[in-house]
$ cat data.cif   # mmCIF, C-alpha atoms
data_coords
#
loop_
_atom_site.label_atom_id
_atom_site.label_comp_id
_atom_site.auth_asym_id
_atom_site.auth_seq_id
_atom_site.Cartn_x
_atom_site.Cartn_y
_atom_site.Cartn_z
CA MET S 71 0.00 0.00 0.00
CA ALA S 72 2.88 2.36 0.76
CA THR S 73 4.32 1.82 -2.72
CA GLN S 74 0.92 2.47 -4.36
CA ASP S 75 0.32 5.78 -2.49
CA ALA S 76 3.75 7.21 -3.42
CA PRO S 77 2.73 8.42 -6.94
CA ALA S 78 -0.42 10.05 -5.53
CA ARG S 79 1.61 11.97 -2.94
CA ALA S 80 4.00 13.18 -5.66
CA LEU S 81 1.05 14.49 -7.70
CA GLU S 82 -0.32 16.31 -4.64
CA GLN S 83 3.03 18.11 -4.14
CA GLN S 84 3.05 19.22 -7.83
CA SER S 85 -0.58 20.35 -7.85
CA ILE S 86 -1.41 23.54 -9.89
CA PRO S 87 -4.19 25.95 -8.76
CA VAL S 88 -6.87 26.47 -11.40
CA SER S 89 -9.63 29.03 -10.64
CA GLY S 90 -9.13 28.69 -6.88
CA ILE S 91 -9.41 24.83 -6.94
CA PHE S 92 -6.51 22.42 -6.58
CA LYS S 93 -6.51 19.39 -8.82
CA ALA S 94 -4.55 16.37 -7.74
CA ASN S 95 -4.99 12.80 -8.98
CA GLY S 96 -8.46 13.60 -10.32
CA ARG S 97 -9.71 14.81 -6.92
CA HIS S 98 -10.76 18.48 -6.15
CA PHE S 99 -9.65 20.33 -3.04
CA THR S 100 -11.12 23.80 -2.20
CA PRO S 101 -8.54 26.17 -0.55
CA THR S 102 -9.36 27.31 2.94
CA SER S 103 -7.09 30.39 3.23
CA SER S 104 -7.90 33.39 5.47
CA SER S 105 -8.61 35.69 2.49
CA SER S 106 -11.26 33.44 1.06
CA ALA S 107 -12.79 33.12 4.48
CA LEU S 108 -13.02 36.91 4.84
CA SER S 109 -14.43 37.37 1.38
CA SER S 110 -17.17 34.88 2.11
CA GLN S 111 -18.35 36.92 5.13
CA PRO S 112 -21.48 39.07 4.62
CA MET S 113 -21.04 42.87 3.95
CA SER S 114 -21.54 45.11 7.02
CA SER S 115 -24.43 47.62 7.21
CA THR S 116 -22.06 50.62 7.11
CA MET S 117 -20.49 49.48 3.84
CA ARG S 118 -23.93 48.90 2.37
CA THR S 119 -24.96 52.48 3.27
CA VAL S 120 -21.82 53.91 1.62
CA GLU S 121 -22.39 51.89 -1.53
CA ALA S 122 -26.02 53.00 -1.67
CA ALA S 123 -25.01 56.67 -1.28
CA ARG S 124 -22.54 56.33 -4.12
CA ASP S 125 -25.17 54.82 -6.35
CA LYS S 126 -27.63 57.67 -5.61
CA SER S 127 -25.15 60.54 -6.22
CA PRO S 128 -26.40 62.81 -9.05
CA LEU S 129 -24.80 62.46 -12.45
CA LYS S 130 -23.50 65.79 -13.72
CA THR S 131 -23.94 66.16 -17.47
CA ALA S 132 -24.27 68.77 -20.20
CA GLY S 133 -27.60 69.90 -21.54
CA PHE S 134 -29.34 68.56 -24.66
CA THR S 135 -27.75 65.11 -24.33
CA VAL S 136 -29.14 61.63 -23.73
CA ARG S 137 -27.76 61.62 -20.19
CA SER S 138 -29.66 64.83 -19.35
CA THR S 139 -32.96 62.90 -19.68
CA MET S 140 -31.94 60.34 -17.08
CA LYS S 141 -33.65 60.36 -13.69
CA ASN S 142 -30.47 60.64 -11.60
CA SER S 143 -28.77 63.39 -13.67
CA VAL S 144 -28.17 67.08 -13.01
CA VAL S 145 -27.76 69.37 -16.02
CA MET S 146 -24.78 71.70 -15.58
CA GLY S 147 -25.03 75.33 -16.69
CA PRO S 148 -22.95 76.77 -19.51
CA PRO S 149 -19.42 77.96 -18.70
CA ALA S 150 -18.70 81.64 -18.07
CA ALA S 151 -18.37 83.67 -21.26
CA GLY S 152 -15.46 85.69 -19.88
CA ALA S 153 -16.71 89.10 -21.01
CA PHE S 154 -15.00 90.83 -18.05
CA ARG S 155 -11.83 88.70 -18.12
CA GLU S 156 -8.64 90.67 -18.71
CA ARG S 157 -6.82 90.07 -21.97
CA PRO S 158 -3.02 90.16 -22.01
CA ALA S 159 -1.70 93.14 -23.92
CA LYS S 160 0.71 92.60 -26.78
CA PRO S 161 4.15 94.26 -26.75
CA THR S 162 3.63 97.89 -27.69
CA ALA S 163 5.57 99.96 -30.18
CA PHE S 164 5.78 102.71 -27.55
CA ARG S 165 7.94 100.52 -25.29
CA LYS S 166 10.28 99.64 -28.15
CA PHE S 167 10.73 103.29 -29.17
CA TYR S 168 11.21 104.38 -25.55
CA GLU S 169 13.88 101.76 -24.82
CA ARG S 170 15.61 102.74 -28.03
CA GLY S 171 15.68 106.39 -26.95
CA ASP S 172 13.68 107.78 -29.87
CA PHE S 173 11.43 110.03 -27.76
CA PRO S 174 12.68 113.53 -26.85
CA ILE S 175 11.49 113.20 -23.27
CA GLY S 176 12.88 112.90 -19.78
CA LEU S 177 11.57 112.56 -16.24
CA GLU S 178 11.42 115.68 -14.12
CA HIS S 179 10.73 115.51 -10.40
CA ASP S 180 8.65 118.35 -9.04
CA THR S 181 7.11 119.25 -5.68
CA LYS S 182 3.68 118.42 -7.15
CA GLY S 183 4.85 115.08 -8.54
CA ASN S 184 6.56 113.76 -11.63
CA LYS S 185 6.17 115.33 -15.05
CA ILE S 186 7.69 114.99 -18.49
CA ALA S 187 10.62 117.22 -19.41
CA TRP S 188 10.34 117.72 -23.19
CA LYS S 189 13.69 118.29 -24.88
CA VAL S 190 12.04 120.09 -27.81
CA GLU S 191 9.00 122.33 -28.12
CA ILE S 192 5.84 120.24 -28.32
CA GLU S 193 4.36 122.43 -31.06
CA LYS S 194 7.25 121.52 -33.37
CA LEU S 195 6.74 117.73 -33.10
CA ASP S 196 5.37 115.66 -35.96
CA TYR S 197 1.94 114.66 -34.62
CA HIS S 198 1.40 112.07 -37.36
CA HIS S 199 4.40 110.18 -35.97
CA TYR S 200 4.40 110.79 -32.21
CA LEU S 201 0.71 111.00 -31.25
CA PRO S 202 -0.23 107.45 -32.45
CA LEU S 203 2.84 106.06 -30.69
CA PHE S 204 1.90 107.65 -27.37
CA PHE S 205 -1.68 106.41 -27.76
CA ASP S 206 -0.28 102.92 -28.38
CA GLY S 207 1.37 103.08 -24.96
CA LEU S 208 -1.99 103.36 -23.18
CA CYS S 209 -1.96 99.54 -22.87
CA GLU S 210 1.08 99.73 -20.59
CA THR S 211 0.62 99.18 -16.86
CA VAL S 212 4.28 99.18 -15.74
CA HIS S 213 6.31 102.22 -14.72
CA PRO S 214 7.82 104.20 -16.42
CA TYR S 215 6.03 103.24 -19.66
CA GLU S 216 2.57 103.82 -18.21
CA PHE S 217 3.47 107.27 -16.85
CA PHE S 218 5.24 108.52 -19.98
CA SER S 219 2.51 107.34 -22.36
CA ARG S 220 -0.36 108.74 -20.26
CA GLN S 221 1.25 112.07 -19.45
CA GLY S 222 2.71 112.38 -22.95
CA VAL S 223 -0.75 112.00 -24.52
CA HIS S 224 -2.20 114.74 -22.30
CA ASP S 225 0.73 117.08 -23.07
CA LEU S 226 0.40 116.51 -26.82
CA LEU S 227 -3.38 117.06 -26.73
CA GLU S 228 -2.98 120.22 -24.71
CA HIS S 229 -0.56 121.81 -27.20
CA GLY S 230 -1.81 120.15 -30.39
CA GLY S 231 -4.50 122.54 -31.60
CA THR S 232 -5.25 122.04 -35.29
CA LYS S 233 -2.67 119.25 -35.65
CA ILE S 234 -4.89 116.72 -33.84
CA LEU S 235 -7.83 116.50 -36.25
CA PRO S 236 -5.89 115.02 -39.24
CA VAL S 237 -4.42 112.29 -36.98
CA ILE S 238 -7.79 110.97 -35.68
CA PRO S 239 -7.96 107.92 -38.06
CA GLN S 240 -4.54 106.76 -36.81
CA LEU S 241 -5.67 106.85 -33.17
CA ILE S 242 -8.65 104.48 -33.46
CA ILE S 243 -6.70 101.19 -33.45
CA PRO S 244 -4.57 102.12 -30.39
CA ILE S 245 -7.72 103.22 -28.53
CA LYS S 246 -9.51 100.01 -29.47
CA ASN S 247 -6.55 97.87 -28.38
CA ALA S 248 -6.37 99.64 -25.02
CA LEU S 249 -10.08 99.12 -24.33
CA ASN S 250 -9.98 95.49 -25.46
CA THR S 251 -7.49 94.60 -22.72
CA ARG S 252 -10.48 94.88 -20.32
CA ASN S 253 -8.04 96.01 -17.63
CA ARG S 254 -9.84 98.37 -15.24
CA GLN S 255 -6.83 100.65 -14.84
CA VAL S 256 -6.22 100.84 -18.59
CA ILE S 257 -9.90 101.48 -19.35
CA CYS S 258 -10.09 104.33 -16.83
CA THR S 259 -6.95 105.94 -18.27
CA THR S 260 -8.25 105.58 -21.83
CA LEU S 261 -11.63 107.11 -20.92
CA LYS S 262 -9.94 110.17 -19.43
CA VAL S 263 -7.83 110.48 -22.58
CA LEU S 264 -10.94 110.23 -24.77
CA GLN S 265 -12.60 113.04 -22.83
CA HIS S 266 -9.51 115.20 -23.29
CA LEU S 267 -9.29 114.26 -26.98
CA VAL S 268 -12.86 115.35 -27.74
CA VAL S 269 -12.35 118.85 -26.29
CA SER S 270 -8.78 119.29 -27.58
CA GLY S 271 -9.73 120.84 -30.91
CA ASP S 272 -12.53 121.93 -33.19
CA MET S 273 -14.47 119.19 -35.03
CA VAL S 274 -12.61 116.42 -33.17
CA GLY S 275 -15.80 115.20 -31.50
CA GLU S 276 -17.64 115.02 -34.82
CA ALA S 277 -14.68 113.25 -36.44
CA LEU S 278 -14.97 110.45 -33.86
CA VAL S 279 -18.64 109.67 -34.65
CA PRO S 280 -17.90 107.29 -37.59
CA TYR S 281 -15.63 105.27 -35.28
CA TYR S 282 -18.15 104.71 -32.47
CA ARG S 283 -18.58 101.09 -33.59
CA GLN S 284 -14.93 100.40 -32.73
CA ILE S 285 -14.88 102.36 -29.46
CA LEU S 286 -18.26 101.88 -27.77
CA PRO S 287 -18.76 98.06 -27.54
CA ILE S 288 -16.42 97.76 -24.53
CA LEU S 289 -18.11 100.77 -22.91
CA ASN S 290 -21.46 99.00 -23.28
CA ILE S 291 -20.09 95.95 -21.41
CA PHE S 292 -18.69 97.92 -18.44
CA LYS S 293 -21.35 100.65 -18.29
CA ASN S 294 -23.15 99.20 -15.27
CA ILE S 295 -20.02 98.30 -13.29
CA ASN S 296 -20.45 100.50 -10.22
CA ILE S 297 -19.37 100.18 -6.61
CA ASN S 298 -22.22 99.88 -4.12
CA SER S 299 -20.63 101.25 -0.96
CA GLY S 300 -23.88 101.55 0.99
CA ASP S 301 -23.52 104.33 3.56
CA GLY S 302 -19.72 104.34 3.23
CA ILE S 303 -17.50 106.79 1.38
CA ASP S 304 -16.50 105.92 -2.17
CA TYR S 305 -13.11 107.55 -2.64
CA SER S 306 -12.92 106.35 -6.26
CA GLN S 307 -15.35 109.12 -7.22
CA GLN S 308 -12.90 111.76 -6.07
CA LYS S 309 -10.01 110.00 -7.81
CA ARG S 310 -12.18 109.37 -10.90
CA GLU S 311 -11.53 105.64 -10.83
CA ASN S 312 -15.15 104.46 -10.82
CA ILE S 313 -15.43 102.90 -14.26
CA GLY S 314 -19.23 103.14 -14.48
CA ASP S 315 -19.26 106.90 -13.77
CA LEU S 316 -16.36 107.50 -16.16
CA ILE S 317 -18.20 105.73 -19.00
CA GLN S 318 -21.32 107.83 -18.37
CA GLU S 319 -19.24 111.03 -18.39
CA THR S 320 -17.47 109.99 -21.60
CA LEU S 321 -20.73 109.22 -23.42
CA GLU S 322 -22.16 112.59 -22.38
CA VAL S 323 -19.05 114.37 -23.67
CA PHE S 324 -19.37 112.44 -26.94
CA GLU S 325 -22.97 113.59 -27.29
CA ARG S 326 -22.24 117.25 -26.51
CA TYR S 327 -19.34 117.58 -28.94
CA GLY S 328 -20.34 114.99 -31.56
CA GLY S 329 -22.93 117.01 -33.43
CA GLU S 330 -26.49 116.12 -34.33
CA ASP S 331 -25.72 112.51 -35.28
CA ALA S 332 -23.87 111.66 -32.06
CA PHE S 333 -26.84 110.60 -29.92
CA ILE S 334 -28.40 108.18 -32.42
CA ASN S 335 -25.03 106.50 -33.00
CA ILE S 336 -24.36 106.23 -29.27
CA LYS S 337 -27.86 104.83 -28.71
CA TYR S 338 -27.26 102.21 -31.42
CA MET S 339 -24.15 100.86 -29.66
CA VAL S 340 -25.22 101.52 -26.04
CA PRO S 341 -29.00 100.94 -25.90
CA THR S 342 -29.31 101.85 -22.20
CA TYR S 343 -27.82 105.32 -22.68
CA GLU S 344 -30.20 108.26 -22.14
CA SER S 345 -29.55 111.65 -23.68
CA CYS S 346 -28.19 114.41 -21.47
CA MET S 347 -29.33 117.15 -23.88
CA LEU S 348 -32.87 116.11 -24.88
CA THR S 349 -35.27 117.27 -22.18
#
$ encode --input "data.cif" --output "structure tokens"
Amino acid sequence: MATQDAPARALEQQSIPVSGIFKANGRHFTPTSSSSALSSQPMSSTMRTVEAARDKSPLKTAGFTVRSTMKNSVVMGPPAAGAFRERPAKPTAFRKFYERGDFPIGLEHDTKGNKIAWKVEIEKLDYHHYLPLFFDGLCETVHPYEFFSRQGVHDLLEHGGTKILPVIPQLIIPIKNALNTRNRQVICTTLKVLQHLVVSGDMVGEALVPYYRQILPILNIFKNININSGDGIDYSQQKRENIGDLIQETLEVFERYGGEDAFINIKYMVPTYESCMLT
């Protein structure tokens, strides 16, 4: 008997597991390890509750899809359009010309603050060349480029006189680029420049009317952006940094100096604007 059981014992030692069952000499042996014993235990009530909560969690899906008609689905809203998101400004020609030293300007420190020291008389400058370049620098937000471009524009407009009107078509693209950055600081600076531009010379306000379609769309977006301070003090009104009030002032200046066609063109681009002259 010992000699007959020897081959069977050898087969048991060389047994190969197949699908969790050992086969040896035609007989089946089920493994009784600790893992199989644990897996055979019933699931606890806590685990059942967690699994049920996972199954009942709402399914987030986009609208107008097959999943949106399912009972356990929640339709997500559309993403934000980003109308007020700031756009990065491209490198300006003003910065390149300033770093190259092509502008006849310098910085002068005064008791009232900084100002531009012009190395030549402003009246003798070529406005077709310099005025568009300074307007192009309105996109800048870093010192000293922001200061020189902003103050340079005001100095040129103050001494320009009749030289400003022929340059108006060259100023539209820089103004549009500055407004399209959607930067609050840049928009406020550009609005103040536009108010100064309209009153800087005769017929300048009327010359801007054909270009309202390039200038006014951004003003229509930010027109209602105001600060609700409640019973507090809004210091931005004194500093003229409230973008909603600045837009209203700019539109009123456009209407006063734009001639008889100004209001209807402003109303076409900014439907919520009410005339300040029609009573």
$ residues_around --input "data.cif" --residues "Tyr168 of chain S" --least-positions-apart "5" --cutoff "10 Å" --atoms "only C-alpha atoms" --output "PyMOL selection string"
chain S and resi 163+173-175+203+207+214-215+218-219
$ write_last_selection --input "data.cif" --atoms "C-alpha atoms" --output "mmCIF file, in the frame of the given file"
data_model
loop_
_atom_site.group_PDB
_atom_site.id
_atom_site.type_symbol
_atom_site.label_atom_id
_atom_site.label_comp_id
_atom_site.auth_asym_id
_atom_site.auth_seq_id
_atom_site.Cartn_x
_atom_site.Cartn_y
_atom_site.Cartn_z
ATOM 1 C CA ALA S 163 5.570 99.960 -30.180
ATOM 2 C CA PHE S 173 11.430 110.030 -27.760
ATOM 3 C CA PRO S 174 12.680 113.530 -26.850
ATOM 4 C CA ILE S 175 11.490 113.200 -23.270
ATOM 5 C CA LEU S 203 2.840 106.060 -30.690
ATOM 6 C CA GLY S 207 1.370 103.080 -24.960
ATOM 7 C CA PRO S 214 7.820 104.200 -16.420
ATOM 8 C CA TYR S 215 6.030 103.240 -19.660
ATOM 9 C CA PHE S 218 5.240 108.520 -19.980
ATOM 10 C CA SER S 219 2.510 107.340 -22.360
#
$ closest_residue --input "data.cif" --among "S:Cys209, S:Ile317, S:Val274, S:Ile234" --to "Ile291 of chain S" --atoms "only C-alpha atoms"
S:Ile317
$ resolve_selection --input "data.cif" --expression "the PyMOL selection byres ((chain S and resi 146-155) around 9)" --output "VMD selection string"
chain S and resid 130 to 133 144 to 145 156 to 157 251 to 253 291 to 292
$ write_last_selection --input "data.cif" --atoms "C-alpha atoms" --output "short mmCIF file (atom, residue, chain, number, x, y, z; two decimals), in the coordinates of the input"
data_model
loop_
_atom_site.label_atom_id
_atom_site.label_comp_id
_atom_site.auth_asym_id
_atom_site.auth_seq_id
_atom_site.Cartn_x
_atom_site.Cartn_y
_atom_site.Cartn_z
CA LYS S 130 -23.50 65.79 -13.72
CA THR S 131 -23.94 66.16 -17.47
CA ALA S 132 -24.27 68.77 -20.20
CA GLY S 133 -27.60 69.90 -21.54
CA VAL S 144 -28.17 67.08 -13.01
CA VAL S 145 -27.76 69.37 -16.02
CA GLU S 156 -8.64 90.67 -18.71
CA ARG S 157 -6.82 90.07 -21.97
CA THR S 251 -7.49 94.60 -22.72
CA ARG S 252 -10.48 94.88 -20.32
CA ASN S 253 -8.04 96.01 -17.63
CA ILE S 291 -20.09 95.95 -21.41
CA PHE S 292 -18.69 97.92 -18.44
#
$ residues_around --input "data.cif" --residues "segment 224-226 of chain S" --least-positions-apart "6" --cutoff "10 Å" --atoms "all atoms listed in the file" --output "number ranges by chain"
S: 185-186, 188, 192-193, 195, 197, 200-201, 204-205, 218, 233-234, 262-263, 266-267, 270
$ atom_distance --input "data.cif" --atom1 "atom CA of Glu330 of chain S" --atom2 "atom CA of Asn294 of chain S"
25.7 Å
$ resolve_selection --input "data.cif" --expression "the PyMOL selection byres ((chain S and resi 160) around 12)" --output "list in words"
Arg157, Pro158, Ala159, Pro161, Thr162, Ala163, Phe164, Arg165, Lys166, Asp206, Gly207, Leu208, Cys209, Glu210, Thr211, Pro244, Asn247, Ala248, Asn250 and Thr251 of chain S
$ atom_distance --input "data.cif" --atom1 "atom CA of Asn296 of chain S" --atom2 "atom CA of Gly314 of chain S"
5.2 Å
$ closest_residue --input "data.cif" --among "S:Thr260, S:Gln284, S:Thr139, S:Gln221" --to "Pro239 of chain S" --atoms "all atoms listed in the file"
S:Gln284
$ atom_distance --input "data.cif" --atom1 "atom CA of Val279 of chain S" --atom2 "atom CA of Glu325 of chain S"
9.4 Å
$ closest_residue --input "data.cif" --among "S:Leu278, S:Leu261, S:Leu316, S:Val212" --to "Ile242 of chain S" --atoms "all atoms listed in the file"
S:Leu278
$ axis_aligned_box --input "data.cif" --around "segment 181-195 of chain S" --padding-each-side "3 Å" --output "AutoDock Vina command-line options"
--center_x 8.7 --center_y 118.1 --center_z -19.5 --size_x 16.0 --size_y 14.7 --size_z 33.7
$ closest_residue --input "data.cif" --among "S:His199, S:Lys194, S:Lys246, S:Arg326" --to "Leu289 of chain S" --atoms "only C-alpha atoms"
S:Lys246
$ closest_residue --input "data.cif" --among "S:Val223, S:Ile245, S:Val323, S:Leu177" --to "Val268 of chain S" --atoms "only C-alpha atoms"
S:Val323
$ resolve_selection --input "data.cif" --expression "the PyMOL selection byres ((chain S and resi 348) around 12)" --output "list in words"
Glu322, Glu325, Arg326, Glu330, Phe333, Ile334, Glu344, Ser345, Cys346, Met347 and Thr349 of chain S
